[in-house]
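File shown: model_33.txt. Contents: compact mmCIF, N, CA and C atoms.
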```
# COMPACT_ATOMS: atom_id res chain seq x y z
N GLN A 12 8.16 -4.73 17.55
CA GLN A 12 8.38 -3.58 16.68
C GLN A 12 7.98 -3.96 15.26
N VAL A 13 7.22 -3.11 14.62
CA VAL A 13 6.78 -3.36 13.26
C VAL A 13 7.83 -2.91 12.27
N GLN A 14 8.08 -3.74 11.29
CA GLN A 14 8.96 -3.37 10.17
C GLN A 14 8.24 -3.72 8.88
N LEU A 15 8.39 -2.83 7.90
CA LEU A 15 7.75 -2.99 6.60
C LEU A 15 8.80 -2.93 5.52
N VAL A 16 8.77 -3.89 4.61
CA VAL A 16 9.74 -3.92 3.52
C VAL A 16 8.99 -4.11 2.21
N GLU A 17 9.07 -3.10 1.34
CA GLU A 17 8.42 -3.17 0.04
C GLU A 17 9.34 -3.79 -1.00
N SER A 18 8.73 -4.35 -2.02
CA SER A 18 9.47 -4.89 -3.16
C SER A 18 8.54 -4.89 -4.37
N GLY A 19 9.14 -5.09 -5.53
CA GLY A 19 8.34 -5.23 -6.75
C GLY A 19 8.33 -4.05 -7.68
N GLY A 20 8.96 -2.96 -7.27
CA GLY A 20 9.01 -1.80 -8.15
C GLY A 20 9.94 -2.04 -9.33
N GLY A 21 9.92 -1.11 -10.26
CA GLY A 21 10.80 -1.24 -11.42
C GLY A 21 10.36 -0.33 -12.54
N LEU A 22 10.94 -0.57 -13.70
CA LEU A 22 10.64 0.20 -14.91
C LEU A 22 9.69 -0.62 -15.78
N VAL A 23 8.63 0.01 -16.23
CA VAL A 23 7.65 -0.68 -17.06
C VAL A 23 7.14 0.28 -18.12
N GLN A 24 6.75 -0.25 -19.26
CA GLN A 24 6.16 0.57 -20.31
C GLN A 24 4.72 0.91 -19.96
N ALA A 25 4.25 2.02 -20.45
CA ALA A 25 2.85 2.40 -20.26
C ALA A 25 1.95 1.27 -20.76
N GLY A 26 0.92 0.99 -19.97
CA GLY A 26 0.02 -0.11 -20.28
C GLY A 26 0.42 -1.42 -19.63
N GLY A 27 1.60 -1.45 -19.06
CA GLY A 27 2.08 -2.66 -18.43
C GLY A 27 1.57 -2.81 -17.00
N SER A 28 2.08 -3.85 -16.34
CA SER A 28 1.64 -4.18 -14.99
C SER A 28 2.83 -4.42 -14.07
N LEU A 29 2.60 -4.16 -12.81
CA LEU A 29 3.54 -4.49 -11.76
C LEU A 29 2.75 -4.92 -10.53
N ARG A 30 3.37 -5.75 -9.72
CA ARG A 30 2.77 -6.12 -8.44
C ARG A 30 3.73 -5.77 -7.33
N LEU A 31 3.31 -4.86 -6.48
CA LEU A 31 4.12 -4.48 -5.33
C LEU A 31 3.74 -5.37 -4.14
N SER A 32 4.74 -5.66 -3.34
CA SER A 32 4.53 -6.42 -2.12
C SER A 32 5.11 -5.65 -0.95
N CYS A 33 4.53 -5.86 0.21
CA CYS A 33 5.04 -5.26 1.44
C CYS A 33 5.01 -6.34 2.51
N ALA A 34 6.19 -6.76 2.93
CA ALA A 34 6.30 -7.78 3.97
C ALA A 34 6.37 -7.10 5.32
N ALA A 35 5.43 -7.43 6.17
CA ALA A 35 5.36 -6.82 7.49
C ALA A 35 5.79 -7.82 8.55
N SER A 36 6.61 -7.37 9.46
CA SER A 36 6.93 -8.18 10.64
C SER A 36 6.45 -7.41 11.85
N GLY A 37 5.97 -8.16 12.84
CA GLY A 37 5.29 -7.51 13.95
C GLY A 37 3.79 -7.48 13.67
N ARG A 38 3.02 -7.17 14.68
CA ARG A 38 1.56 -7.21 14.52
C ARG A 38 1.06 -5.95 13.82
N THR A 39 0.46 -6.15 12.67
CA THR A 39 -0.08 -5.04 11.90
C THR A 39 -1.56 -5.23 11.66
N TYR A 40 -2.28 -4.17 11.53
CA TYR A 40 -3.72 -4.22 11.36
C TYR A 40 -4.12 -3.51 10.08
N ASN A 41 -4.57 -2.28 10.16
CA ASN A 41 -4.91 -1.57 8.92
C ASN A 41 -3.63 -1.28 8.13
N MET A 42 -3.76 -1.39 6.82
CA MET A 42 -2.59 -1.15 5.96
C MET A 42 -2.99 -0.34 4.74
N GLY A 43 -1.99 0.27 4.13
CA GLY A 43 -2.28 1.08 2.96
C GLY A 43 -1.05 1.33 2.11
N TRP A 44 -1.30 1.85 0.93
CA TRP A 44 -0.24 2.28 0.02
C TRP A 44 -0.38 3.77 -0.24
N PHE A 45 0.74 4.43 -0.21
CA PHE A 45 0.83 5.84 -0.58
C PHE A 45 1.92 5.96 -1.64
N ARG A 46 1.95 7.08 -2.33
CA ARG A 46 3.01 7.30 -3.30
C ARG A 46 3.41 8.76 -3.33
N GLN A 47 4.64 8.98 -3.78
CA GLN A 47 5.14 10.34 -3.92
C GLN A 47 5.86 10.43 -5.25
N GLY A 48 5.31 11.20 -6.17
CA GLY A 48 5.93 11.39 -7.47
C GLY A 48 6.96 12.49 -7.43
N PRO A 49 7.75 12.61 -8.48
CA PRO A 49 8.79 13.64 -8.53
C PRO A 49 8.20 15.03 -8.37
N GLY A 50 8.67 15.75 -7.38
CA GLY A 50 8.21 17.11 -7.16
C GLY A 50 6.80 17.22 -6.63
N LYS A 51 6.25 16.10 -6.15
CA LYS A 51 4.88 16.12 -5.67
C LYS A 51 4.81 15.77 -4.20
N GLU A 52 3.67 16.06 -3.61
CA GLU A 52 3.44 15.67 -2.23
C GLU A 52 3.05 14.19 -2.19
N ARG A 53 3.25 13.58 -1.05
CA ARG A 53 2.80 12.20 -0.87
C ARG A 53 1.28 12.16 -0.98
N GLU A 54 0.76 11.12 -1.64
CA GLU A 54 -0.68 10.99 -1.79
C GLU A 54 -1.13 9.57 -1.49
N PHE A 55 -2.34 9.49 -1.05
CA PHE A 55 -2.98 8.20 -0.77
C PHE A 55 -3.26 7.46 -2.07
N VAL A 56 -3.04 6.14 -2.06
CA VAL A 56 -3.34 5.32 -3.21
C VAL A 56 -4.44 4.29 -2.89
N ALA A 57 -4.21 3.51 -1.83
CA ALA A 57 -5.15 2.43 -1.53
C ALA A 57 -5.02 2.04 -0.07
N ALA A 58 -6.11 1.53 0.49
CA ALA A 58 -6.10 1.08 1.88
C ALA A 58 -6.99 -0.14 2.03
N ILE A 59 -6.71 -0.91 3.06
CA ILE A 59 -7.45 -2.15 3.30
C ILE A 59 -7.61 -2.38 4.78
N THR A 60 -8.73 -2.92 5.18
CA THR A 60 -8.94 -3.24 6.58
C THR A 60 -8.18 -4.50 6.95
N TRP A 61 -8.16 -4.79 8.25
CA TRP A 61 -7.34 -5.89 8.75
C TRP A 61 -7.65 -7.21 8.08
N ARG A 62 -8.91 -7.56 8.00
CA ARG A 62 -9.27 -8.85 7.41
C ARG A 62 -9.52 -8.77 5.91
N GLY A 63 -9.30 -7.58 5.36
CA GLY A 63 -9.41 -7.44 3.91
C GLY A 63 -10.82 -7.30 3.40
N GLY A 64 -11.78 -7.11 4.29
CA GLY A 64 -13.16 -7.05 3.86
C GLY A 64 -13.56 -5.74 3.21
N LYS A 65 -12.75 -4.72 3.42
CA LYS A 65 -13.08 -3.41 2.85
C LYS A 65 -11.81 -2.80 2.29
N THR A 66 -11.92 -2.26 1.10
CA THR A 66 -10.81 -1.56 0.47
C THR A 66 -11.27 -0.21 -0.04
N THR A 67 -10.33 0.70 -0.14
CA THR A 67 -10.59 2.02 -0.70
C THR A 67 -9.45 2.35 -1.65
N LEU A 68 -9.79 2.87 -2.81
CA LEU A 68 -8.80 3.28 -3.79
C LEU A 68 -9.03 4.73 -4.15
N THR A 69 -7.96 5.45 -4.39
CA THR A 69 -8.13 6.80 -4.86
C THR A 69 -8.68 6.76 -6.29
N ASP A 70 -9.41 7.80 -6.68
CA ASP A 70 -10.14 7.77 -7.95
C ASP A 70 -9.24 7.50 -9.15
N SER A 71 -8.03 8.05 -9.13
CA SER A 71 -7.18 7.95 -10.31
C SER A 71 -6.70 6.53 -10.60
N VAL A 72 -6.84 5.62 -9.65
CA VAL A 72 -6.38 4.25 -9.87
C VAL A 72 -7.51 3.23 -9.88
N LYS A 73 -8.71 3.68 -9.64
CA LYS A 73 -9.85 2.74 -9.64
C LYS A 73 -9.98 2.08 -11.00
N GLY A 74 -10.22 0.78 -10.96
CA GLY A 74 -10.33 0.02 -12.20
C GLY A 74 -8.99 -0.45 -12.74
N ARG A 75 -7.90 0.03 -12.17
CA ARG A 75 -6.57 -0.36 -12.63
C ARG A 75 -5.76 -1.04 -11.53
N PHE A 76 -5.88 -0.57 -10.30
CA PHE A 76 -5.12 -1.10 -9.17
C PHE A 76 -6.03 -1.91 -8.26
N THR A 77 -5.44 -2.92 -7.62
CA THR A 77 -6.14 -3.72 -6.64
C THR A 77 -5.25 -3.90 -5.42
N ILE A 78 -5.81 -3.65 -4.25
CA ILE A 78 -5.07 -3.88 -3.00
C ILE A 78 -5.59 -5.16 -2.37
N SER A 79 -4.68 -5.94 -1.83
CA SER A 79 -5.07 -7.17 -1.15
C SER A 79 -4.02 -7.49 -0.09
N ARG A 80 -4.31 -8.51 0.72
CA ARG A 80 -3.36 -8.85 1.78
C ARG A 80 -3.50 -10.32 2.17
N ASP A 81 -2.45 -10.87 2.69
CA ASP A 81 -2.44 -12.18 3.30
C ASP A 81 -1.99 -12.02 4.74
N ASN A 82 -2.79 -12.51 5.66
CA ASN A 82 -2.44 -12.42 7.08
C ASN A 82 -1.94 -13.77 7.56
N SER A 83 -0.87 -13.74 8.33
CA SER A 83 -0.39 -14.97 8.93
C SER A 83 -1.31 -15.37 10.07
N ARG A 84 -1.20 -16.62 10.48
CA ARG A 84 -2.09 -17.13 11.54
C ARG A 84 -1.97 -16.32 12.82
N ASP A 85 -0.76 -15.94 13.17
CA ASP A 85 -0.53 -15.19 14.41
C ASP A 85 -0.50 -13.68 14.19
N ASN A 86 -0.84 -13.27 12.98
CA ASN A 86 -0.89 -11.83 12.64
C ASN A 86 0.45 -11.14 12.86
N ASP A 87 1.54 -11.85 12.71
CA ASP A 87 2.83 -11.23 12.94
C ASP A 87 3.72 -11.23 11.71
N LYS A 88 3.20 -11.76 10.61
CA LYS A 88 3.94 -11.74 9.35
C LYS A 88 2.95 -11.58 8.21
N ASN A 89 2.37 -10.42 8.14
CA ASN A 89 1.37 -10.17 7.10
C ASN A 89 2.05 -9.62 5.85
N THR A 90 1.40 -9.80 4.71
CA THR A 90 1.90 -9.29 3.45
C THR A 90 0.81 -8.50 2.76
N LEU A 91 1.18 -7.32 2.32
CA LEU A 91 0.28 -6.42 1.60
C LEU A 91 0.69 -6.39 0.14
N TYR A 92 -0.29 -6.35 -0.74
CA TYR A 92 -0.02 -6.31 -2.17
C TYR A 92 -0.70 -5.12 -2.83
N LEU A 93 -0.13 -4.70 -3.93
CA LEU A 93 -0.78 -3.72 -4.80
C LEU A 93 -0.55 -4.20 -6.23
N GLN A 94 -1.61 -4.70 -6.84
CA GLN A 94 -1.55 -5.09 -8.24
C GLN A 94 -1.87 -3.88 -9.08
N MET A 95 -0.94 -3.51 -9.94
CA MET A 95 -1.10 -2.31 -10.74
C MET A 95 -1.14 -2.69 -12.22
N ASN A 96 -2.25 -2.47 -12.85
CA ASN A 96 -2.43 -2.76 -14.27
C ASN A 96 -2.64 -1.47 -15.05
N SER A 97 -2.50 -1.56 -16.35
CA SER A 97 -2.72 -0.41 -17.23
C SER A 97 -1.99 0.82 -16.72
N LEU A 98 -0.74 0.63 -16.40
CA LEU A 98 0.04 1.71 -15.80
C LEU A 98 0.21 2.88 -16.76
N LYS A 99 0.23 4.06 -16.18
CA LYS A 99 0.38 5.30 -16.94
C LYS A 99 1.63 6.03 -16.46
N PRO A 100 2.19 6.89 -17.29
CA PRO A 100 3.37 7.66 -16.85
C PRO A 100 3.11 8.44 -15.56
N GLU A 101 1.88 8.89 -15.36
CA GLU A 101 1.59 9.65 -14.14
C GLU A 101 1.57 8.78 -12.89
N ASP A 102 1.67 7.47 -13.04
CA ASP A 102 1.80 6.59 -11.89
C ASP A 102 3.24 6.50 -11.40
N THR A 103 4.15 7.11 -12.14
CA THR A 103 5.56 7.10 -11.72
C THR A 103 5.71 7.76 -10.36
N ALA A 104 6.29 7.03 -9.42
CA ALA A 104 6.42 7.52 -8.05
C ALA A 104 7.18 6.50 -7.23
N THR A 105 7.55 6.92 -6.04
CA THR A 105 8.00 5.96 -5.03
C THR A 105 6.77 5.57 -4.23
N TYR A 106 6.55 4.27 -4.12
CA TYR A 106 5.38 3.74 -3.44
C TYR A 106 5.77 3.26 -2.05
N TYR A 107 4.98 3.69 -1.08
CA TYR A 107 5.25 3.38 0.32
C TYR A 107 4.11 2.56 0.91
N CYS A 108 4.49 1.55 1.65
CA CYS A 108 3.56 0.75 2.42
C CYS A 108 3.44 1.37 3.81
N ALA A 109 2.24 1.36 4.37
CA ALA A 109 2.02 1.90 5.70
C ALA A 109 1.15 0.94 6.50
N ALA A 110 1.32 0.95 7.81
CA ALA A 110 0.57 0.02 8.66
C ALA A 110 0.33 0.63 10.02
N THR A 111 -0.71 0.13 10.67
CA THR A 111 -0.98 0.50 12.06
C THR A 111 -0.75 -0.71 12.95
N ASP A 112 -0.49 -0.43 14.22
CA ASP A 112 -0.43 -1.50 15.22
C ASP A 112 -1.66 -1.44 16.11
N TRP A 113 -2.69 -0.77 15.64
CA TRP A 113 -3.98 -0.73 16.32
C TRP A 113 -5.05 -0.99 15.26
N LEU A 114 -6.22 -1.35 15.72
CA LEU A 114 -7.26 -1.81 14.80
C LEU A 114 -8.37 -0.78 14.64
N ALA A 115 -8.55 -0.36 13.41
CA ALA A 115 -9.75 0.38 13.02
C ALA A 115 -10.63 -0.65 12.33
N ALA A 116 -11.56 -1.22 13.06
CA ALA A 116 -12.19 -2.46 12.65
C ALA A 116 -12.94 -2.38 11.33
N SER A 117 -13.68 -1.33 11.13
CA SER A 117 -14.59 -1.35 9.98
C SER A 117 -14.32 -0.23 8.98
N GLU A 118 -13.19 0.43 9.12
CA GLU A 118 -12.93 1.51 8.19
C GLU A 118 -11.53 1.41 7.61
N THR A 119 -11.39 1.89 6.40
CA THR A 119 -10.07 2.00 5.81
C THR A 119 -9.50 3.36 6.18
N LEU A 120 -8.21 3.43 6.29
CA LEU A 120 -7.53 4.66 6.71
C LEU A 120 -6.86 5.28 5.50
N THR A 121 -7.27 6.48 5.16
CA THR A 121 -6.75 7.12 3.94
C THR A 121 -5.83 8.29 4.22
N GLN A 122 -5.61 8.60 5.48
CA GLN A 122 -4.74 9.72 5.84
C GLN A 122 -3.40 9.21 6.34
N GLY A 123 -2.35 9.80 5.88
CA GLY A 123 -1.02 9.35 6.28
C GLY A 123 -0.79 9.41 7.77
N HIS A 124 -1.35 10.41 8.43
CA HIS A 124 -1.10 10.56 9.86
C HIS A 124 -1.76 9.48 10.70
N ASP A 125 -2.63 8.68 10.09
CA ASP A 125 -3.24 7.56 10.82
C ASP A 125 -2.27 6.40 10.99
N TYR A 126 -1.25 6.36 10.18
CA TYR A 126 -0.32 5.24 10.18
C TYR A 126 0.94 5.55 10.97
N GLY A 127 1.36 4.59 11.77
CA GLY A 127 2.55 4.79 12.58
C GLY A 127 3.80 4.17 12.01
N TYR A 128 3.64 3.33 11.00
CA TYR A 128 4.79 2.61 10.46
C TYR A 128 4.80 2.72 8.94
N TRP A 129 6.00 2.92 8.42
CA TRP A 129 6.19 3.10 6.99
C TRP A 129 7.38 2.28 6.51
N GLY A 130 7.26 1.81 5.26
CA GLY A 130 8.40 1.16 4.64
C GLY A 130 9.33 2.19 4.03
N GLN A 131 10.39 1.68 3.43
CA GLN A 131 11.41 2.56 2.85
C GLN A 131 11.05 3.01 1.45
N GLY A 132 10.06 2.37 0.85
CA GLY A 132 9.60 2.75 -0.47
C GLY A 132 10.20 1.89 -1.57
N THR A 133 9.43 1.75 -2.64
CA THR A 133 9.92 1.06 -3.84
C THR A 133 9.55 1.92 -5.05
N ARG A 134 10.50 2.07 -5.93
CA ARG A 134 10.36 3.02 -7.02
C ARG A 134 9.65 2.37 -8.20
N VAL A 135 8.67 3.07 -8.74
CA VAL A 135 7.97 2.63 -9.94
C VAL A 135 8.13 3.71 -11.00
N THR A 136 8.64 3.32 -12.15
CA THR A 136 8.80 4.24 -13.27
C THR A 136 8.04 3.69 -14.46
N VAL A 137 7.14 4.50 -14.98
CA VAL A 137 6.34 4.08 -16.14
C VAL A 137 6.76 4.93 -17.33
N ALA A 138 7.32 4.28 -18.31
CA ALA A 138 7.81 4.97 -19.50
C ALA A 138 6.71 5.09 -20.55
N SER A 139 6.66 6.24 -21.18
CA SER A 139 5.62 6.46 -22.21
C SER A 139 6.05 5.93 -23.56
```
Show me the file's structure as structure tokens.
Amino acid sequence: QVQLVESGGGLVQAGGSLRLSCAASGRTYNMGWFRQGPGKEREFVAAITWRGGKTTLTDSVKGRFTISRDNSRDNDKNTLYLQMNSLKPEDTATYYCAATDWLAASETLTQGHDYGYWGQGTRVTVAS
């Protein structure tokens, strides 16, 4: 059974940085970050393929956010990261880690319905 646990959220001033982590237990393959701001729908932020060779970022975070991952040798304890720099108040949201237990070998998954597993979320607040 896959479990995802996010950490690293918090309160930061505009222009600051945070690094989110998502610890996965169980075999995970494609992974991604989504976020949901106050009064907003959940939106895609970033995605990465299993071996990390391909990443996709939503336009609003390009040049500021970086997604990366570390895979364990047995692929059963992977960690997903989201490095967030030059944060803006509009980045305020709860950030969710998502993962699949199947492999989309050469594509990143940007739709929420592609993911079967979700973390509980970590809150990011960017003060102006």
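Considering only C-alpha atoms, the residue among A:Gln131, A:Thr105, A:Ser117, A:Thr111 positioned nearest to Glu52 in chain A is A:Thr105.
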| Interatomic distance (Å, one decimal) between CA of Ala57 in chain A and CA of Val135 in chain A | 15.6 Å
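Proximity to Thr121 in chain A was assessed for A:Gly43, A:Gly20, A:Gly64, A:Gly27 counting only N, CA and C atoms; the smallest distance is recorded for A:Gly43.
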| message | I want to know what sits within 10 Å of Thr77 in chain A, based on only C-alpha atoms, with residues of the same chain fewer than 6 positions away left out; could you give that as a VMD selection string? | response | chain A and resid 30 57 to 58 66 to 68 92 to 96
| note | note - CA of Ser97 in chain A and CA of Trp44 in chain A are separated by 17.6 Å
